[in-house]
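The file my_file.csv comes next; it holds CSV, C-alpha atoms.
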```csv
chain,number,residue,atom,x,y,z
A,1,MET,CA,104.4,27.2,60.8
A,2,SER,CA,102.8,25.5,63.8
A,3,SER,CA,103.8,25.0,67.4
A,4,GLN,CA,104.5,21.4,66.3
A,5,ASP,CA,107.2,22.8,63.9
A,6,LYS,CA,108.7,24.9,66.7
A,7,GLU,CA,108.8,21.8,69.0
A,8,LYS,CA,110.3,19.7,66.2
A,9,TRP,CA,113.2,22.1,65.5
A,10,ASP,CA,113.8,22.9,69.2
A,11,HIS,CA,114.1,19.2,69.9
A,12,LYS,CA,116.4,18.7,66.8
A,13,TYR,CA,118.8,21.5,68.0
A,14,GLU,CA,118.9,20.4,71.6
A,15,THR,CA,122.0,18.3,71.1
A,16,PRO,CA,125.3,20.0,72.2
A,17,GLU,CA,126.8,19.4,68.7
A,18,TYR,CA,125.9,21.7,65.8
A,19,ILE,CA,123.9,19.3,63.6
A,20,THR,CA,125.1,20.9,60.3
A,21,GLY,CA,128.4,22.0,61.6
A,22,LYS,CA,129.8,25.5,62.4
A,23,GLU,CA,131.1,26.3,58.9
A,24,PRO,CA,128.9,28.0,56.4
A,25,VAL,CA,127.2,26.3,53.5
A,26,GLU,CA,129.7,25.6,50.7
A,27,TRP,CA,127.7,27.6,48.2
A,28,LEU,CA,128.1,30.7,50.4
A,29,LYS,CA,131.7,30.1,51.3
A,30,GLY,CA,132.7,29.2,47.8
A,31,HIS,CA,131.2,32.5,46.4
A,32,SER,CA,132.3,34.7,49.4
A,33,GLY,CA,134.3,36.9,47.0
A,34,LEU,CA,130.9,38.4,46.0
A,35,LEU,CA,130.3,39.7,49.5
A,36,ARG,CA,131.1,43.4,50.0
A,37,GLY,CA,130.8,43.2,53.7
A,38,LYS,CA,128.9,46.5,53.9
A,39,GLY,CA,125.3,46.9,55.1
A,40,SER,CA,122.8,44.6,56.5
A,41,ALA,CA,122.1,40.9,56.0
A,42,LEU,CA,119.2,38.7,56.8
A,43,ASP,CA,119.5,34.9,57.3
A,44,ILE,CA,116.0,33.3,56.9
A,45,ALA,CA,115.4,30.1,58.8
A,46,SER,CA,118.9,30.4,60.2
A,47,GLY,CA,118.9,27.3,62.4
A,48,GLU,CA,122.0,27.2,64.5
A,49,GLY,CA,123.4,30.3,62.8
A,50,ARG,CA,126.4,29.1,60.8
A,51,ASN,CA,125.6,31.2,57.7
A,52,ALA,CA,124.5,34.3,59.7
A,53,VAL,CA,127.8,34.2,61.7
A,54,PHE,CA,129.7,33.9,58.4
A,55,ALA,CA,128.0,37.0,57.1
A,56,ALA,CA,128.8,38.9,60.3
A,57,GLU,CA,132.5,37.7,60.0
A,58,LYS,CA,132.4,39.3,56.5
A,59,GLY,CA,131.3,42.6,58.0
A,60,TYR,CA,127.5,42.6,57.6
A,61,GLN,CA,125.2,43.7,60.4
A,62,THR,CA,123.3,40.4,60.5
A,63,LEU,CA,119.8,39.4,61.6
A,64,ALA,CA,119.2,35.7,62.0
A,65,VAL,CA,115.6,34.6,62.2
A,66,ASP,CA,114.3,31.1,63.0
A,67,ILE,CA,111.3,29.5,64.6
A,68,SER,CA,113.5,27.6,67.1
A,69,ALA,CA,114.6,29.5,70.2
A,70,THR,CA,117.1,26.6,70.8
A,71,GLY,CA,118.6,27.1,67.3
A,72,ILE,CA,118.8,30.9,68.0
A,73,GLU,CA,120.6,30.3,71.3
A,74,LYS,CA,123.2,28.2,69.5
A,75,ALA,CA,123.6,30.9,66.9
A,76,HIS,CA,124.5,33.4,69.6
A,77,ALA,CA,126.9,30.9,71.2
A,78,LEU,CA,128.6,30.4,67.7
A,79,ALA,CA,128.8,34.1,67.2
A,80,ASN,CA,130.4,34.6,70.6
A,81,GLU,CA,132.9,31.8,69.8
A,82,LYS,CA,133.8,33.4,66.5
A,83,GLY,CA,134.1,36.9,68.1
A,84,VAL,CA,131.2,38.6,66.1
A,85,THR,CA,127.8,39.9,67.0
A,86,ILE,CA,124.5,39.0,65.3
A,87,GLU,CA,121.0,40.1,66.0
A,88,THR,CA,118.5,37.3,66.3
A,89,CYS,CA,114.7,37.0,66.4
A,90,VAL,CA,112.6,33.9,67.0
A,91,VAL,CA,109.9,34.2,64.4
A,92,ASP,CA,107.2,32.2,62.7
A,93,LEU,CA,107.7,33.1,59.1
A,94,ASP,CA,103.9,32.6,58.5
A,95,ASN,CA,103.3,35.8,60.5
A,96,TRP,CA,106.6,37.7,60.3
A,97,LYS,CA,106.8,40.6,57.9
A,98,ILE,CA,110.2,41.0,56.2
A,99,LYS,CA,111.1,44.7,56.1
A,100,GLN,CA,111.1,46.1,52.6
A,101,ASN,CA,114.2,47.5,50.9
A,102,ALA,CA,116.2,46.8,54.1
A,103,PHE,CA,118.9,44.2,53.3
A,104,ASP,CA,122.1,44.2,51.2
A,105,LEU,CA,122.4,40.4,51.6
A,106,ILE,CA,119.7,37.8,52.1
A,107,LEU,CA,120.5,34.2,52.8
A,108,CYS,CA,118.1,31.3,52.7
A,109,PHE,CA,119.4,27.7,52.9
A,110,ASN,CA,117.5,24.4,53.3
A,111,PHE,CA,114.1,26.1,53.7
A,112,LEU,CA,111.2,26.5,51.3
A,113,ASP,CA,108.1,28.7,51.7
A,114,ARG,CA,107.1,29.9,48.3
A,115,ARG,CA,104.8,32.5,49.9
A,116,ILE,CA,107.7,34.6,51.0
A,117,PHE,CA,109.4,34.8,47.6
A,118,PRO,CA,107.8,38.2,46.8
A,119,ALA,CA,108.8,39.5,50.3
A,120,ILE,CA,112.4,38.4,49.8
A,121,LYS,CA,112.6,40.3,46.5
A,122,CYS,CA,111.1,43.4,48.1
A,123,ALA,CA,113.4,43.2,51.1
A,124,LEU,CA,116.6,43.4,49.0
A,125,LYS,CA,118.0,46.8,48.5
A,126,PRO,CA,119.1,47.8,45.0
A,127,GLY,CA,122.5,46.3,44.5
A,128,GLY,CA,121.7,43.6,47.1
A,129,LEU,CA,122.6,39.9,46.8
A,130,MET,CA,120.5,36.9,47.5
A,131,PHE,CA,121.9,33.4,48.1
A,132,TYR,CA,119.3,30.6,48.1
A,133,GLU,CA,119.8,26.9,48.2
A,134,THR,CA,117.3,24.1,49.0
A,135,PHE,CA,116.2,20.7,48.0
A,136,THR,CA,114.7,19.8,44.6
A,137,VAL,CA,112.1,17.3,43.5
A,138,ASP,CA,115.0,14.9,42.8
A,139,TYR,CA,115.6,14.7,46.5
A,140,LEU,CA,112.3,12.8,47.0
A,141,LYS,CA,114.0,9.5,45.9
A,142,TYR,CA,116.4,9.9,48.8
A,143,SER,CA,114.1,11.1,51.5
A,144,ASN,CA,110.6,10.9,52.9
A,145,PHE,CA,110.0,14.7,52.2
A,146,LYS,CA,106.6,15.8,51.0
A,147,ARG,CA,106.6,17.2,47.4
A,148,GLU,CA,105.5,20.6,48.6
A,149,TRP,CA,108.8,20.8,50.6
A,150,VAL,CA,111.0,20.7,47.5
A,151,LEU,CA,111.6,22.8,44.4
A,152,GLU,CA,110.6,21.8,40.9
A,153,HIS,CA,113.3,21.9,38.3
A,154,ASN,CA,114.2,25.6,37.5
A,155,GLU,CA,111.7,26.9,40.0
A,156,LEU,CA,114.2,29.2,41.7
A,157,LEU,CA,115.2,30.6,38.3
A,158,ASP,CA,111.5,31.3,37.5
A,159,ALA,CA,110.7,32.7,40.9
A,160,PHE,CA,113.5,35.2,40.9
A,161,SER,CA,113.7,35.9,37.2
A,162,GLU,CA,113.3,39.6,37.6
A,163,LEU,CA,116.6,39.7,39.5
A,164,ARG,CA,119.9,39.3,37.7
A,165,ILE,CA,121.0,35.7,38.0
A,166,LEU,CA,124.7,35.5,38.7
A,167,TYR,CA,125.0,31.8,39.4
A,168,TYR,CA,122.6,28.8,39.3
A,169,ARG,CA,122.9,25.1,39.5
A,170,GLU,CA,120.9,22.0,40.1
A,171,VAL,CA,122.7,19.1,41.7
A,172,ASP,CA,121.7,15.4,42.1
A,173,ILE,CA,124.7,13.5,43.5
A,174,ASN,CA,125.6,11.3,46.5
A,175,ASN,CA,122.0,11.1,47.7
A,176,LYS,CA,121.6,14.9,47.7
A,177,ALA,CA,119.6,16.9,45.3
A,178,PHE,CA,119.3,20.7,45.5
A,179,ALA,CA,119.2,23.9,43.6
A,180,SER,CA,121.5,26.9,44.3
A,181,LEU,CA,121.0,30.4,43.2
A,182,ILE,CA,122.9,33.7,43.6
A,183,ALA,CA,121.0,36.7,42.3
A,184,LEU,CA,121.5,40.5,42.3
A,185,LYS,CA,118.8,43.1,42.6
A,186,GLU,CA,120.0,45.7,40.1
A,187,ASN,CA,120.1,49.4,40.8
A,188,GLU,CA,116.9,51.1,39.6
A,189,SER,CA,117.5,53.4,36.7
```

Would you write out, as structure tokens, the structure that this file holds?
Amino acid sequence: MSSQDKEKWDHKYETPEYITGKEPVEWLKGHSGLLRGKGSALDIASGEGRNAVFAAEKGYQTLAVDISATGIEKAHALANEKGVTIETCVVDLDNWKIKQNAFDLILCFNFLDRRIFPAIKCALKPGGLMFYETFTVDYLKYSNFKREWVLEHNELLDAFSELRILYYREVDINNKAFASLIALKENES
């Protein structure tokens, strides 16, 4: 990412309101019964931290990473408000190396960088879960997104096919179009 990206997101998060709210993404909240609450979690491109805070509330030692220092500050404020602790780091995902075999839970919502797919898979511990949700090609009819910012149909399924897919969907409704995936890295035999 560029300094232009950092400035864009810092500016977007400058408002006192939480632009996406304080509650976790519905895909995560609706499947929270899968969360064991043990171990470490990583929230990639965490923004204002709502999903990272939710993971911490569920008992995970959570690391939230984002390019925006403003977003990270709001994530800390939300964690304080909810009475939990999260670790944060302002990172440029173009240069940041995700620690391998380090996380029991990885979250990634509304962010797409295909170059980090292999790193995400390697970062999951055996028995670890990944929740991923972002826009699909169908979203182009509702937005001015560039095509490289959206998933092709079934792309998440293909990209994470070596993991055990627990849940998958593609949605195109009410001017929203996205794919959602929950996958498990099975224990090595």

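With all atoms listed in the file as the atoms that count, the minimum distance from Glu73 in chain A to the choices A:Tyr13, A:Val25, A:Gln100, A:Pro126 is reached by A:Tyr13.
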
All residues 12 Å or closer to Leu78 in chain A, only C-alpha atoms, same chain fewer than 4 positions away omitted, as a list of chain:residue names: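 Residues meeting the cut-off are A:Pro16, A:Glu17, A:Tyr18, A:Gly21, A:Lys22, A:Glu23, A:Pro24, A:Gly47, A:Glu48, A:Gly49, A:Arg50, A:Asn51, A:Ala52, A:Val53, A:Phe54, A:Ala56, A:Glu57, A:Gly71, A:Ile72, A:Glu73, A:Lys74, A:Lys82, A:Gly83, A:Val84, A:Thr85, A:Ile86.
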
Selection near Ala183 in chain A, 7 Å with all atoms listed in the file, sequence-local residues under 4 positions removed, as number ranges by chain: A: 129-131, 163-167

From A:Ala123, A:Ala41, A:Gln4, A:Ile106, residue lying nearest Ile67 in chain A [only C-alpha atoms]: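 Checking each candidate against Ile67 in chain A, we get A:Gln4 as the closest.
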
Pick out the residues sitting within 12 Å of Asn95 in chain A, and hand them over as a PDB file with C-alpha atoms, in the frame of the given file; count only C-alpha atoms, and ignore anything fewer than 2 positions along from it in its own chain.
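The resulting file, result.pdb, is reproduced below:
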```pdb
ATOM      1  CA  MET A   1     104.400  27.200  60.800  1.00  0.00           C
ATOM      2  CA  SER A   2     102.800  25.500  63.800  1.00  0.00           C
ATOM      3  CA  ILE A  67     111.300  29.500  64.600  1.00  0.00           C
ATOM      4  CA  VAL A  90     112.600  33.900  67.000  1.00  0.00           C
ATOM      5  CA  VAL A  91     109.900  34.200  64.400  1.00  0.00           C
ATOM      6  CA  ASP A  92     107.200  32.200  62.700  1.00  0.00           C
ATOM      7  CA  LEU A  93     107.700  33.100  59.100  1.00  0.00           C
ATOM      8  CA  LYS A  97     106.800  40.600  57.900  1.00  0.00           C
ATOM      9  CA  ILE A  98     110.200  41.000  56.200  1.00  0.00           C
ATOM     10  CA  ARG A 115     104.800  32.500  49.900  1.00  0.00           C
ATOM     11  CA  ILE A 116     107.700  34.600  51.000  1.00  0.00           C
TER      12      ILE A 116
END
```

Starting from the incomplete input, reconstruct all heavy atoms of range 109-120 of chain A and report them as an mmCIF file, in the frame of the given file.
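New file part-v2.cif:
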```cif
data_model
loop_
_atom_site.group_PDB
_atom_site.id
_atom_site.type_symbol
_atom_site.label_atom_id
_atom_site.label_comp_id
_atom_site.auth_asym_id
_atom_site.auth_seq_id
_atom_site.Cartn_x
_atom_site.Cartn_y
_atom_site.Cartn_z
ATOM 1 N N PHE A 109 118.829 28.999 53.232
ATOM 2 C CA PHE A 109 119.400 27.700 52.900
ATOM 3 C C PHE A 109 118.502 26.605 53.596
ATOM 4 O O PHE A 109 118.125 26.717 54.763
ATOM 5 C CB PHE A 109 120.808 27.556 53.461
ATOM 6 C CG PHE A 109 121.772 28.418 52.702
ATOM 7 C CD1 PHE A 109 122.115 29.677 53.163
ATOM 8 C CD2 PHE A 109 122.317 27.973 51.502
ATOM 9 C CE1 PHE A 109 122.993 30.482 52.453
ATOM 10 C CE2 PHE A 109 123.193 28.770 50.777
ATOM 11 C CZ PHE A 109 123.525 30.025 51.250
ATOM 12 N N ASN A 110 118.203 25.580 52.812
ATOM 13 C CA ASN A 110 117.500 24.400 53.300
ATOM 14 C C ASN A 110 116.112 24.766 53.905
ATOM 15 O O ASN A 110 115.691 24.187 54.899
ATOM 16 C CB ASN A 110 118.307 23.592 54.281
ATOM 17 C CG ASN A 110 119.581 23.104 53.647
ATOM 18 O OD1 ASN A 110 119.618 22.785 52.462
ATOM 19 N ND2 ASN A 110 120.648 23.068 54.421
ATOM 20 N N PHE A 111 115.453 25.715 53.300
ATOM 21 C CA PHE A 111 114.100 26.100 53.700
ATOM 22 C C PHE A 111 113.339 26.546 52.501
ATOM 23 O O PHE A 111 113.883 27.201 51.609
ATOM 24 C CB PHE A 111 114.200 27.305 54.714
ATOM 25 C CG PHE A 111 112.858 27.819 55.125
ATOM 26 C CD1 PHE A 111 112.091 27.138 56.057
ATOM 27 C CD2 PHE A 111 112.343 28.984 54.559
ATOM 28 C CE1 PHE A 111 110.841 27.607 56.426
ATOM 29 C CE2 PHE A 111 111.098 29.454 54.922
ATOM 30 C CZ PHE A 111 110.337 28.763 55.867
ATOM 31 N N LEU A 112 112.080 26.165 52.457
ATOM 32 C CA LEU A 112 111.200 26.500 51.300
ATOM 33 C C LEU A 112 109.859 26.942 51.806
ATOM 34 O O LEU A 112 109.160 26.158 52.442
ATOM 35 C CB LEU A 112 111.123 25.380 50.327
ATOM 36 C CG LEU A 112 110.247 25.627 49.110
ATOM 37 C CD1 LEU A 112 110.780 26.782 48.273
ATOM 38 C CD2 LEU A 112 110.134 24.359 48.269
ATOM 39 N N ASP A 113 109.501 28.171 51.524
ATOM 40 C CA ASP A 113 108.100 28.700 51.700
ATOM 41 C C ASP A 113 107.911 29.642 50.537
ATOM 42 O O ASP A 113 108.362 30.789 50.577
ATOM 43 C CB ASP A 113 107.945 29.361 53.032
ATOM 44 C CG ASP A 113 106.503 29.818 53.247
ATOM 45 O OD1 ASP A 113 105.718 29.850 52.263
ATOM 46 O OD2 ASP A 113 106.159 30.143 54.389
ATOM 47 N N ARG A 114 107.272 29.146 49.503
ATOM 48 C CA ARG A 114 107.100 29.900 48.300
ATOM 49 C C ARG A 114 106.340 31.242 48.555
ATOM 50 O O ARG A 114 106.503 32.209 47.819
ATOM 51 C CB ARG A 114 106.326 29.111 47.258
ATOM 52 C CG ARG A 114 107.113 27.933 46.739
ATOM 53 C CD ARG A 114 106.206 26.943 45.988
ATOM 54 N NE ARG A 114 106.969 25.828 45.476
ATOM 55 C CZ ARG A 114 107.206 24.707 46.154
ATOM 56 N NH1 ARG A 114 106.735 24.565 47.384
ATOM 57 N NH2 ARG A 114 107.915 23.735 45.605
ATOM 58 N N ARG A 115 105.543 31.284 49.601
ATOM 59 C CA ARG A 115 104.800 32.500 49.900
ATOM 60 C C ARG A 115 105.636 33.690 50.241
ATOM 61 O O ARG A 115 105.191 34.832 50.123
ATOM 62 C CB ARG A 115 103.774 32.229 51.036
ATOM 63 C CG ARG A 115 102.714 31.184 50.700
ATOM 64 C CD ARG A 115 101.917 30.803 51.902
ATOM 65 N NE ARG A 115 102.830 30.223 52.903
ATOM 66 C CZ ARG A 115 102.463 29.853 54.113
ATOM 67 N NH1 ARG A 115 101.219 30.011 54.505
ATOM 68 N NH2 ARG A 115 103.325 29.341 54.944
ATOM 69 N N ILE A 116 106.879 33.444 50.661
ATOM 70 C CA ILE A 116 107.700 34.600 51.000
ATOM 71 C C ILE A 116 108.662 35.015 49.885
ATOM 72 O O ILE A 116 109.414 35.968 50.049
ATOM 73 C CB ILE A 116 108.540 34.326 52.323
ATOM 74 C CG1 ILE A 116 109.565 33.215 52.143
ATOM 75 C CG2 ILE A 116 107.615 34.050 53.498
ATOM 76 C CD1 ILE A 116 110.559 33.096 53.296
ATOM 77 N N PHE A 117 108.599 34.359 48.734
ATOM 78 C CA PHE A 117 109.400 34.800 47.600
ATOM 79 C C PHE A 117 109.242 36.264 47.271
ATOM 80 O O PHE A 117 110.221 36.992 47.129
ATOM 81 C CB PHE A 117 109.173 33.923 46.367
ATOM 82 C CG PHE A 117 109.746 32.525 46.410
ATOM 83 C CD1 PHE A 117 109.451 31.635 45.403
ATOM 84 C CD2 PHE A 117 110.568 32.083 47.445
ATOM 85 C CE1 PHE A 117 109.971 30.345 45.398
ATOM 86 C CE2 PHE A 117 111.089 30.794 47.465
ATOM 87 C CZ PHE A 117 110.790 29.924 46.431
ATOM 88 N N PRO A 118 107.997 36.744 47.132
ATOM 89 C CA PRO A 118 107.800 38.200 46.800
ATOM 90 C C PRO A 118 108.421 39.091 47.917
ATOM 91 O O PRO A 118 109.029 40.114 47.612
ATOM 92 C CB PRO A 118 106.319 38.367 46.724
ATOM 93 C CG PRO A 118 105.786 36.999 46.398
ATOM 94 C CD PRO A 118 106.707 36.049 47.118
ATOM 95 N N ALA A 119 108.273 38.696 49.172
ATOM 96 C CA ALA A 119 108.800 39.500 50.300
ATOM 97 C C ALA A 119 110.323 39.536 50.245
ATOM 98 O O ALA A 119 110.935 40.562 50.546
ATOM 99 C CB ALA A 119 108.304 38.959 51.610
ATOM 100 N N ILE A 120 110.940 38.431 49.866
ATOM 101 C CA ILE A 120 112.400 38.400 49.800
ATOM 102 C C ILE A 120 112.870 39.388 48.711
ATOM 103 O O ILE A 120 113.800 40.167 48.933
ATOM 104 C CB ILE A 120 112.897 36.963 49.439
ATOM 105 C CG1 ILE A 120 112.680 36.025 50.637
ATOM 106 C CG2 ILE A 120 114.368 36.984 49.032
ATOM 107 C CD1 ILE A 120 112.947 34.558 50.334
#
```
